[in-house]
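Listing of entry.cif; format and content: mmCIF, C-alpha atoms.
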data_protein
loop_
_atom_site.label_atom_id
_atom_site.label_comp_id
_atom_site.auth_asym_id
_atom_site.auth_seq_id
_atom_site.Cartn_x
_atom_site.Cartn_y
_atom_site.Cartn_z
CA MET A 10 49.12 208.16 -31.53
CA ARG A 11 45.97 207.40 -33.47
CA ASP A 12 45.87 204.04 -31.69
CA ASP A 13 44.82 205.90 -28.54
CA VAL A 14 41.44 206.82 -29.95
CA THR A 15 39.14 206.11 -32.83
CA GLN A 16 37.47 208.70 -35.02
CA GLY A 17 33.73 208.65 -35.50
CA ALA A 18 30.89 207.72 -33.23
CA GLY A 19 32.00 204.20 -32.37
CA PRO A 20 29.92 201.79 -30.31
CA GLU A 21 27.91 203.23 -27.45
CA GLN A 22 29.19 202.29 -24.00
CA ARG A 23 26.71 201.21 -21.36
CA GLY A 24 26.80 201.20 -17.59
CA GLY A 25 30.00 202.09 -15.81
CA GLN A 26 30.94 204.34 -12.94
CA GLY A 27 28.22 206.68 -11.76
CA GLU A 28 28.09 210.01 -9.97
CA HIS A 29 27.64 208.43 -6.56
CA GLY A 30 30.64 206.09 -6.80
CA PRO A 31 30.80 202.31 -7.09
CA PRO A 32 28.89 200.27 -7.95
CA SER A 33 25.95 202.37 -9.18
CA ASP A 34 25.86 203.80 -12.70
CA ARG A 35 25.06 207.41 -13.66
CA ARG A 36 21.48 206.71 -14.70
CA ARG A 37 20.66 204.91 -11.44
CA PHE A 38 22.28 207.66 -9.42
CA LEU A 39 20.28 210.41 -11.12
CA SER A 40 17.08 208.60 -10.26
CA LEU A 41 18.11 208.19 -6.63
CA ALA A 42 19.27 211.79 -6.38
CA ALA A 43 15.97 213.09 -7.69
CA GLY A 44 14.10 211.02 -5.13
CA GLY A 45 16.24 212.51 -2.38
CA THR A 46 15.52 216.12 -3.33
CA ALA A 47 13.74 218.02 -0.57
CA ALA A 48 10.03 218.42 -1.11
CA GLY A 49 8.85 221.92 -1.77
CA VAL A 50 12.05 223.13 -3.45
CA LEU A 51 11.30 226.44 -5.14
CA ALA A 52 11.77 227.06 -8.83
CA VAL A 53 14.23 229.79 -9.77
CA GLY A 54 11.82 232.50 -10.82
CA ALA A 55 8.89 232.20 -13.13
CA ALA A 56 9.75 233.03 -16.73
CA SER A 57 12.68 234.03 -18.85
CA GLY A 58 10.99 237.32 -19.63
CA THR A 59 11.71 238.53 -16.09
CA ALA A 60 15.46 238.67 -16.75
CA ARG A 61 15.78 241.93 -18.66
CA ALA A 62 18.65 243.55 -16.76
CA ASN A 63 22.09 243.84 -18.33
CA PRO A 64 23.29 240.21 -18.14
CA HIS A 65 26.87 241.41 -17.78
CA GLY A 66 26.14 243.63 -14.75
CA GLU A 67 29.09 245.92 -15.54
CA THR A 68 29.95 249.58 -15.42
CA ALA A 69 30.83 251.50 -18.58
CA ASP A 70 34.46 250.37 -18.40
CA GLY A 71 33.47 246.72 -18.10
CA SER A 72 34.33 246.31 -14.42
CA PRO A 73 31.93 244.66 -11.94
CA ARG A 74 29.62 247.00 -10.11
CA GLU A 75 30.09 247.10 -6.36
CA GLY A 76 27.73 247.18 -3.39
CA GLY A 77 23.95 247.29 -2.96
CA SER A 78 21.58 246.87 -5.89
CA ALA A 79 24.18 248.40 -8.20
CA GLY A 80 26.42 245.46 -7.30
CA SER A 81 23.93 242.86 -8.49
CA ARG A 82 25.56 240.25 -10.72
CA PRO A 83 24.05 237.36 -12.73
CA LEU A 84 24.29 233.73 -11.64
CA PHE A 85 23.27 230.92 -14.02
CA LEU A 86 22.19 227.57 -12.60
CA GLY A 87 22.37 224.15 -14.25
CA THR A 88 19.83 221.45 -13.45
CA TYR A 89 18.11 218.31 -14.73
CA THR A 90 14.74 218.96 -16.35
CA GLY A 91 13.97 215.27 -16.93
CA GLN A 92 14.03 214.23 -13.27
CA PRO A 93 11.37 214.63 -10.54
CA GLY A 94 12.09 217.76 -8.55
CA GLY A 95 14.25 219.19 -11.32
CA GLY A 96 14.06 222.55 -12.99
CA THR A 97 12.41 223.71 -16.19
CA GLY A 98 15.49 225.14 -17.87
CA ILE A 99 18.57 227.18 -17.01
CA GLY A 100 17.95 228.96 -13.74
CA LEU A 101 18.63 232.69 -13.47
CA ALA A 102 19.54 234.42 -10.24
CA ALA A 103 21.34 237.56 -9.10
CA TYR A 104 23.86 237.94 -6.31
CA THR A 105 25.30 240.97 -4.54
CA LEU A 106 29.05 241.24 -4.17
CA ARG A 107 28.89 242.69 -0.69
CA THR A 108 26.49 240.26 0.98
CA GLY A 109 26.39 237.27 -1.37
CA HIS A 110 22.59 237.37 -1.16
CA LEU A 111 20.87 235.49 -4.00
CA THR A 112 17.59 236.53 -5.65
CA PRO A 113 15.65 234.52 -8.27
CA ARG A 114 15.45 236.14 -11.71
CA GLY A 115 13.62 233.64 -13.90
CA VAL A 116 14.34 230.65 -16.10
CA VAL A 117 15.65 230.21 -19.63
CA SER A 118 13.09 227.64 -20.74
CA GLY A 119 13.38 225.28 -23.69
CA VAL A 120 16.79 223.88 -22.67
CA GLU A 121 16.74 220.19 -21.79
CA ASN A 122 18.86 218.87 -18.89
CA PRO A 123 21.33 221.79 -18.82
CA SER A 124 23.58 220.11 -16.26
CA TYR A 125 26.75 222.05 -17.10
CA LEU A 126 27.21 225.61 -18.32
CA ALA A 127 30.01 227.65 -19.90
CA LEU A 128 30.39 231.24 -21.04
CA SER A 129 31.96 232.45 -24.28
CA PRO A 130 35.14 234.56 -24.00
CA ASP A 131 33.25 237.69 -25.11
CA ARG A 132 30.56 236.97 -22.48
CA ARG A 133 27.79 237.28 -25.07
CA THR A 134 26.78 233.62 -25.29
CA LEU A 135 26.00 230.98 -22.70
CA TYR A 136 26.39 227.30 -23.60
CA ALA A 137 24.74 224.33 -21.92
CA VAL A 138 25.03 220.58 -22.33
CA ASN A 139 21.81 218.65 -22.84
CA GLU A 140 22.69 215.60 -20.79
CA SER A 141 20.77 212.62 -22.12
CA LEU A 142 20.34 210.19 -19.25
CA GLU A 143 20.29 206.90 -21.17
CA ALA A 144 23.08 205.15 -23.02
CA GLY A 145 22.46 205.13 -26.76
CA VAL A 146 20.40 208.33 -26.67
CA GLU A 147 22.29 211.22 -28.23
CA GLY A 148 22.74 214.31 -26.12
CA GLY A 149 23.32 217.85 -27.29
CA VAL A 150 24.74 221.29 -26.68
CA THR A 151 22.67 224.49 -26.73
CA ALA A 152 23.68 228.12 -27.30
CA VAL A 153 21.89 230.98 -25.51
CA ALA A 154 22.45 234.63 -26.52
CA LEU A 155 22.97 237.16 -23.72
CA ARG A 156 22.06 240.65 -24.89
CA PRO A 157 22.03 243.77 -22.68
CA GLY A 158 18.49 244.90 -21.93
CA ALA A 159 16.87 241.78 -23.38
CA PRO A 160 15.98 238.33 -22.01
CA PRO A 161 18.33 235.46 -22.88
CA GLU A 162 17.48 233.92 -26.26
CA VAL A 163 17.97 230.26 -27.16
CA LEU A 164 19.86 230.15 -30.47
CA GLY A 165 19.58 226.42 -31.11
CA ARG A 166 20.95 222.99 -30.32
CA GLN A 167 23.37 220.57 -31.97
CA GLY A 168 23.88 216.87 -31.25
CA THR A 169 27.11 215.79 -29.60
CA GLY A 170 27.26 212.37 -31.26
CA GLY A 171 27.24 210.61 -27.90
CA ALA A 172 25.17 209.99 -24.79
CA GLY A 173 25.32 211.79 -21.48
CA PRO A 174 27.28 214.96 -22.32
CA CYS A 175 28.26 216.32 -18.91
CA HIS A 176 30.90 219.00 -19.56
CA LEU A 177 31.68 221.64 -22.15
CA SER A 178 34.03 224.57 -22.65
CA VAL A 179 34.76 227.23 -25.24
CA HIS A 180 38.15 227.41 -26.94
CA PRO A 181 39.90 230.71 -26.08
CA GLY A 182 39.46 231.98 -29.63
CA GLY A 183 35.70 231.71 -29.16
CA ARG A 184 35.16 229.83 -32.44
CA TRP A 185 35.01 226.23 -31.19
CA LEU A 186 32.93 224.49 -28.51
CA LEU A 187 34.31 221.34 -26.88
CA SER A 188 32.09 218.80 -25.09
CA ALA A 189 32.52 215.49 -23.25
CA ASN A 190 30.05 212.59 -23.58
CA TYR A 191 30.13 210.69 -20.29
CA LEU A 192 28.10 207.60 -21.19
CA SER A 193 29.77 207.18 -24.59
CA GLY A 194 33.30 208.02 -23.51
CA SER A 195 33.81 210.47 -26.37
CA VAL A 196 34.65 214.13 -26.94
CA ALA A 197 33.15 216.38 -29.60
CA VAL A 198 33.90 219.67 -31.36
CA HIS A 199 31.38 222.16 -32.75
CA PRO A 200 32.04 225.39 -34.67
CA VAL A 201 30.74 228.66 -33.23
CA ALA A 202 29.31 231.30 -35.57
CA ARG A 203 29.87 235.02 -35.10
CA ASP A 204 26.52 235.38 -33.37
CA GLY A 205 27.38 232.55 -30.95
CA ALA A 206 25.19 229.93 -32.61
CA LEU A 207 26.54 226.40 -33.07
CA GLY A 208 27.20 224.61 -36.33
CA GLU A 209 27.25 220.90 -37.09
CA ARG A 210 29.85 218.82 -35.29
CA THR A 211 33.31 218.79 -36.91
CA ASP A 212 34.86 215.95 -34.91
CA LEU A 213 34.06 213.14 -32.50
CA VAL A 214 36.78 211.10 -30.78
CA THR A 215 35.96 207.99 -28.73
CA HIS A 216 38.41 206.86 -26.06
CA THR A 217 39.18 203.23 -26.87
CA SER A 218 42.60 202.93 -25.20
CA PRO A 219 43.65 202.11 -22.54
CA PRO A 220 40.97 199.61 -21.50
CA PRO A 221 38.48 200.55 -18.78
CA GLY A 222 39.67 200.53 -15.17
CA PRO A 223 38.41 198.29 -12.34
CA GLY A 224 34.64 198.35 -12.00
CA GLN A 225 34.16 200.19 -15.31
CA GLU A 226 32.37 198.87 -18.37
CA GLY A 227 33.71 201.47 -20.76
CA PRO A 228 35.25 204.92 -21.13
CA HIS A 229 33.53 207.87 -19.45
CA ALA A 230 34.74 211.27 -20.67
CA HIS A 231 34.01 213.69 -17.84
CA GLN A 232 35.74 216.93 -18.84
CA ILE A 233 37.30 218.67 -21.84
CA PHE A 234 38.92 222.10 -21.90
CA THR A 235 41.82 224.10 -23.30
CA ALA A 236 45.04 224.25 -21.28
CA PRO A 237 46.23 227.71 -20.16
CA ASP A 238 48.86 227.81 -22.91
CA GLY A 239 46.01 227.80 -25.44
CA ARG A 240 47.79 225.24 -27.64
CA HIS A 241 46.51 221.99 -26.18
CA VAL A 242 43.11 220.51 -25.37
CA LEU A 243 42.87 218.23 -22.34
CA ALA A 244 40.24 215.56 -21.66
CA VAL A 245 39.67 213.67 -18.40
CA ASP A 246 38.20 210.16 -18.64
CA LEU A 247 36.87 208.55 -15.47
CA GLY A 248 36.36 205.15 -17.09
CA THR A 249 39.89 204.69 -18.44
CA ASP A 250 41.69 206.48 -15.57
CA THR A 251 43.39 208.61 -18.21
CA LEU A 252 44.15 212.25 -19.03
CA TYR A 253 44.31 212.83 -22.80
CA THR A 254 46.11 215.68 -24.57
CA TYR A 255 45.03 216.83 -28.04
CA ARG A 256 45.79 219.58 -30.50
CA LEU A 257 42.83 221.37 -32.05
CA ASP A 258 43.15 222.44 -35.66
CA THR A 259 41.44 225.83 -35.51
CA ARG A 260 40.85 225.77 -39.27
CA THR A 261 39.06 222.42 -39.49
CA GLY A 262 37.87 221.76 -35.94
CA ARG A 263 39.64 218.40 -35.81
CA LEU A 264 41.43 216.94 -32.78
CA THR A 265 44.81 215.22 -33.05
CA PRO A 266 46.06 213.08 -30.14
CA VAL A 267 49.34 214.27 -28.61
CA SER A 268 49.87 212.25 -25.43
CA ARG A 269 48.10 210.60 -22.55
CA ALA A 270 48.79 210.12 -18.85
CA THR A 271 47.26 207.50 -16.61
CA VAL A 272 46.54 207.61 -12.90
CA ARG A 273 46.36 204.52 -10.72
CA PRO A 274 43.74 201.95 -11.78
CA GLY A 275 40.33 202.58 -10.23
CA ALA A 276 41.05 206.19 -9.28
CA GLY A 277 38.18 207.54 -11.38
CA PRO A 278 39.56 210.97 -12.44
CA ARG A 279 36.73 213.47 -12.71
CA HIS A 280 37.88 217.06 -12.97
CA LEU A 281 41.18 218.91 -13.51
CA THR A 282 41.70 222.53 -12.40
CA PHE A 283 44.80 224.59 -13.23
CA HIS A 284 46.82 226.84 -10.98
CA PRO A 285 46.99 230.38 -12.49
CA GLY A 286 50.70 229.87 -13.20
CA GLY A 287 49.78 227.29 -15.84
CA ARG A 288 52.42 224.73 -14.84
CA TRP A 289 50.44 222.74 -12.23
CA ALA A 290 46.92 221.35 -12.10
CA TYR A 291 44.84 219.64 -9.43
CA LEU A 292 42.93 216.46 -10.20
CA ALA A 293 39.92 215.23 -8.22
CA ASN A 294 39.52 211.43 -8.31
CA GLU A 295 35.97 210.59 -7.38
CA VAL A 296 36.18 206.80 -7.06
CA ASP A 297 39.16 206.33 -4.73
CA ASN A 298 38.64 209.65 -2.89
CA THR A 299 42.03 211.15 -3.71
CA ALA A 300 43.58 214.31 -5.10
CA VAL A 301 46.63 214.48 -7.38
CA VAL A 302 48.90 217.40 -8.27
CA CYS A 303 49.83 217.14 -11.94
CA ALA A 304 52.80 218.84 -13.60
CA TYR A 305 52.07 220.30 -17.04
CA ASP A 306 54.58 220.97 -19.81
CA PRO A 307 53.24 223.74 -22.08
CA ARG A 308 55.80 222.89 -24.74
CA THR A 309 54.64 219.29 -25.24
CA GLY A 310 51.20 219.37 -23.65
CA ARG A 311 52.13 216.40 -21.50
CA LEU A 312 50.65 215.96 -18.01
CA ALA A 313 52.61 214.15 -15.30
CA PRO A 314 50.44 213.10 -12.34
CA GLY A 315 52.17 213.02 -8.94
CA SER A 316 51.38 210.84 -5.95
CA ALA A 317 47.75 210.55 -4.87
CA GLN A 318 46.88 212.09 -1.53
CA SER A 319 43.78 210.97 0.31
CA THR A 320 41.06 213.58 0.68
CA GLY A 321 39.86 211.56 3.66
CA THR A 322 42.41 213.46 5.76
CA GLY A 323 39.96 216.34 5.66
CA THR A 324 36.67 214.46 5.57
CA GLY A 325 37.39 211.62 7.97
CA PRO A 326 35.84 208.13 7.71
CA GLY A 327 32.78 207.39 5.60
CA GLU A 328 31.96 207.66 1.93
CA SER A 329 32.99 210.83 0.14
CA TYR A 330 33.34 211.50 -3.58
CA PRO A 331 35.47 214.51 -4.58
CA ALA A 332 33.80 216.57 -7.29
CA GLN A 333 36.21 219.31 -8.34
CA PHE A 334 38.71 221.94 -7.29
CA ALA A 335 38.37 225.70 -7.49
CA VAL A 336 41.54 227.82 -7.26
CA THR A 337 41.75 231.48 -6.28
CA ARG A 338 42.92 233.92 -8.93
CA ASP A 339 46.08 234.74 -6.97
CA GLY A 340 46.87 231.01 -6.77
CA ARG A 341 47.24 230.96 -2.98
CA PHE A 342 44.29 228.72 -2.09
CA ALA A 343 42.38 225.77 -3.55
CA TYR A 344 38.97 224.42 -2.55
CA LEU A 345 37.65 220.90 -3.06
CA ALA A 346 33.97 219.91 -3.03
CA ASN A 347 33.29 216.65 -1.19
CA ARG A 348 30.04 214.90 -2.10
CA GLY A 349 28.77 212.49 0.54
CA HIS A 350 30.71 214.21 3.32
CA ASN A 351 28.98 217.39 2.11
CA SER A 352 31.84 219.76 2.76
CA VAL A 353 34.45 222.00 1.18
CA THR A 354 38.13 221.45 1.99
CA ARG A 355 40.51 224.42 1.94
CA TYR A 356 44.13 223.90 0.85
CA ALA A 357 47.09 226.23 0.94
CA VAL A 358 48.90 226.19 -2.40
CA GLU A 359 52.65 226.01 -1.89
CA ALA A 360 55.87 225.75 -3.91
CA ARG A 361 54.45 227.97 -6.67
CA GLY A 362 51.61 225.53 -7.25
CA ALA A 363 53.45 222.25 -6.90
CA ARG A 364 52.07 221.31 -3.48
CA LEU A 365 48.72 221.35 -1.66
CA ARG A 366 48.59 221.56 2.14
CA LEU A 367 45.28 220.86 3.86
CA LEU A 368 44.07 223.69 6.11
CA ASP A 369 40.51 222.83 7.11
CA THR A 370 37.16 221.43 5.99
CA VAL A 371 33.84 223.24 6.47
CA PRO A 372 30.25 221.96 6.09
CA VAL A 373 28.68 223.03 2.82
CA GLY A 374 25.21 223.44 4.31
CA GLY A 375 23.61 221.23 1.66
CA ASP A 376 23.58 217.71 0.28
CA PHE A 377 25.98 216.48 -2.44
CA PRO A 378 27.98 219.56 -3.58
CA ARG A 379 28.37 218.81 -7.28
CA HIS A 380 30.05 222.02 -8.44
CA LEU A 381 32.12 224.90 -7.02
CA ALA A 382 32.63 228.32 -8.59
CA LEU A 383 34.40 231.46 -7.42
CA SER A 384 32.90 234.81 -8.39
CA PRO A 385 35.06 236.84 -10.80
CA SER A 386 36.03 239.14 -7.93
CA GLY A 387 37.14 236.12 -5.87
CA ARG A 388 35.16 237.37 -2.88
CA LEU A 389 32.48 234.67 -3.02
CA LEU A 390 32.41 230.89 -3.48
CA PHE A 391 29.26 229.15 -4.71
CA ALA A 392 28.48 225.46 -4.18
CA ALA A 393 25.68 223.76 -6.16
CA ASN A 394 24.18 221.05 -3.93
CA GLN A 395 22.44 218.50 -6.12
CA LYS A 396 20.45 216.36 -3.69
CA SER A 397 19.23 219.17 -1.44
CA GLY A 398 18.39 221.39 -4.42
CA THR A 399 20.25 224.40 -3.02
CA VAL A 400 23.16 226.75 -3.66
CA SER A 401 25.41 227.64 -0.73
CA THR A 402 27.38 230.89 -0.80
CA PHE A 403 30.53 231.65 1.20
CA HIS A 404 32.55 234.78 1.81
CA VAL A 405 36.23 234.20 0.96
CA ASP A 406 38.74 235.88 3.26
CA ARG A 407 41.28 237.53 1.00
CA VAL A 408 44.14 237.04 3.46
CA THR A 409 43.54 233.54 4.85
CA GLY A 410 41.23 232.04 2.22
CA ALA A 411 38.88 231.01 5.02
CA LEU A 412 35.23 230.40 4.10
CA SER A 413 32.25 231.74 6.02
CA PRO A 414 28.60 231.18 4.99
CA THR A 415 26.75 234.27 3.82
CA GLY A 416 23.38 232.99 5.04
CA ARG A 417 20.88 230.22 4.40
CA PRO A 418 21.32 228.19 1.18
CA PHE A 419 19.36 229.40 -1.83
CA PRO A 420 16.65 227.02 -3.17
CA ALA A 421 17.39 225.82 -6.71
CA PRO A 422 15.92 222.57 -8.11
CA LEU A 423 18.52 219.80 -8.54
CA ALA A 424 21.33 222.36 -8.59
CA VAL A 425 24.27 220.74 -10.39
CA CYS A 426 26.16 223.78 -11.72
CA ALA A 427 26.56 227.39 -10.62
CA LEU A 428 28.07 229.92 -13.04
CA PRO A 429 28.57 233.42 -11.60
CA LEU A 430 29.34 236.35 -13.90
#
What is this file in structure tokens?
Amino acid sequence: MRDDVTQGAGPEQRGGQGEHGPPSDRRRFLSLAAGGTAAGVLAVGAASGTARANPHGETADGSPREGGSAGSRPLFLGTYTGQPGGGTGIGLAAYTLRTGHLTPRGVVSGVENPSYLALSPDRRTLYAVNESLEAGVEGGVTAVALRPGAPPEVLGRQGTGGAGPCHLSVHPGGRWLLSANYLSGSVAVHPVARDGALGERTDLVTHTSPPPGPGQEGPHAHQIFTAPDGRHVLAVDLGTDTLYTYRLDTRTGRLTPVSRATVRPGAGPRHLTFHPGGRWAYLANEVDNTAVVCAYDPRTGRLAPGSAQSTGTGTGPGESYPAQFAVTRDGRFAYLANRGHNSVTRYAVEARGARLRLLDTVPVGGDFPRHLALSPSGRLLFAANQKSGTVSTFHVDRVTGALSPTGRPFPAPLAVCALPL
């Protein structure tokens, strides 16, 4: 299936679907979003040297500490450093498991536009995209070492071979980093050294087929990650309305196309989240405001999207742009962030993951929830609100999955990603 993609950098794609939905492009949206950030938003701490606590926040057996100050856990925050009102690097905060209270803990400076973050499987290295905001300008990925008793240390940056990298993930083996270039519509692979540092790119695949969907000027890779079976790599492209399946050669770091699945033209698929069972995944389509349950075949790596269901059932009339799902570890509930409507929708997961049933929608308490993340314990849900420059925290009821705010949103400049440890 080499006709699906082309190897190498390929021509840079310009324009296309933006974060805010049609017809604006990503660059225009970022400018508007920065202008809409509340004045007086506080920076997250003062300097990286203030973050000297154990970044893993664990007891001797590796389990999370509970309650009070002993239950303090790290939270990393992604932002844009190149926009007015943005941050100065990766934000550091701490949260308590019992109350969900957030406290600033400094900044990892020297990391440009770290709009998305990911943690290595051994929890010793943090990775960030460096999202270039102009087509034709290469972005990058940066590695940050997390060492107990020491401040985070930037290990270096590598270019992604494309513009606007907006998502990254670490292969389960911990030796390969995968990244998605939004503006260029390409996906990249980098090797990871034993100390967590990144080597030079081993592959770059540009999505050239199928052609862009309605209103799009080119492909826009928005996500890349490894499927739960560990054998296949999946990429979501908003511009081509397509979900791509690859195999990663763990010896060479090269991607081989396996299959692709398309959703309806103009859907604008953004983010795919798996049910813990590994056979079903939930797709957020940001352009047509829909959600799709996708069947996944671990044997072949093929995804089969089901019928689209409108997320407007929960948000009502008006513009809303779904960002992503988060699914509880027990697989009983799923949450969807709704930008524009500024809410989180709660779904009951039924039929062993094959069906979503809407339960309710609650206000997020901020503007434009870009990213959702559940704490490892599953007791808390964090929402990064880009335009208001805040992070909202919710208690998660273990029985009903209901969300209740823990308090006032936490100030964080242009918060676009929240990564709790």
Write out as a VMD selection string each polymer residue whose atoms come within 12 Å of Leu164 in chain A, counting only C-alpha atoms; drop sequence neighbours fewer than 2 positions from it. chain A and resid 117 119 to 120 133 to 137 150 to 155 161 to 162 166 to 167 201 to 202 204 to 208
I need the residue set behind the PyMOL selection byres ((chain A and resi 180) around 9) for this file; please write it as a list in words. Ser129, Pro130, Ser178, Val179, Pro181, Gly182, Gly183, Arg184, Trp185, Leu186, Leu187, Phe234, Thr235, Gly239 and Val242 of chain A
Env of Ala236 in chain A: 12 Å cut, atoms = all atoms listed in the file, seq-sep filter 2 positions within chain, self excluded. Answer as number ranges by chain. A: 178-181, 233-234, 238-244, 253-257, 281-290, 305-312
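Excluding Val400 in chain A itself and any same-chain residue fewer than 2 positions from it, the protein and nucleic acid residues within 9 Å of it, counting all atoms listed in the file, are Gly374, Gly375, Pro378, Phe391, Ala392, Ala393, Asn394, Gln395, Ser397, Gly398, Thr402, Pro418, Phe419, Pro420, Ala421, Ala424 and Ala427 of chain A.
The spacing separating CA of His380 in chain A from CA of Val196 in chain A amounts to 20.6 Å.
Restricting the calculation to all atoms listed in the file, the smallest distance between Ala363 in chain A and any of A:Pro83, A:Pro200, A:Gly340, A:Pro93 is found for A:Gly340.
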Identify all residues satisfying the PyMOL selection byres ((chain A and resi 369) around 12) in the given file; provide them as a CSV table (one decimal) with C-alpha atoms, keeping the file's coordinate frame.
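The resulting file, expr.csv, is reproduced below:
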chain,number,residue,atom,x,y,z
A,320,THR,CA,41.1,213.6,0.7
A,321,GLY,CA,39.9,211.6,3.7
A,322,THR,CA,42.4,213.5,5.8
A,323,GLY,CA,40.0,216.3,5.7
A,324,THR,CA,36.7,214.5,5.6
A,325,GLY,CA,37.4,211.6,8.0
A,342,PHE,CA,44.3,228.7,-2.1
A,343,ALA,CA,42.4,225.8,-3.6
A,344,TYR,CA,39.0,224.4,-2.6
A,345,LEU,CA,37.6,220.9,-3.1
A,352,SER,CA,31.8,219.8,2.8
A,353,VAL,CA,34.4,222.0,1.2
A,354,THR,CA,38.1,221.4,2.0
A,355,ARG,CA,40.5,224.4,1.9
A,356,TYR,CA,44.1,223.9,0.8
A,357,ALA,CA,47.1,226.2,0.9
A,366,ARG,CA,48.6,221.6,2.1
A,367,LEU,CA,45.3,220.9,3.9
A,368,LEU,CA,44.1,223.7,6.1
A,370,THR,CA,37.2,221.4,6.0
A,371,VAL,CA,33.8,223.2,6.5
A,372,PRO,CA,30.2,222.0,6.1
A,409,THR,CA,43.5,233.5,4.8
A,410,GLY,CA,41.2,232.0,2.2
A,411,ALA,CA,38.9,231.0,5.0
A,412,LEU,CA,35.2,230.4,4.1
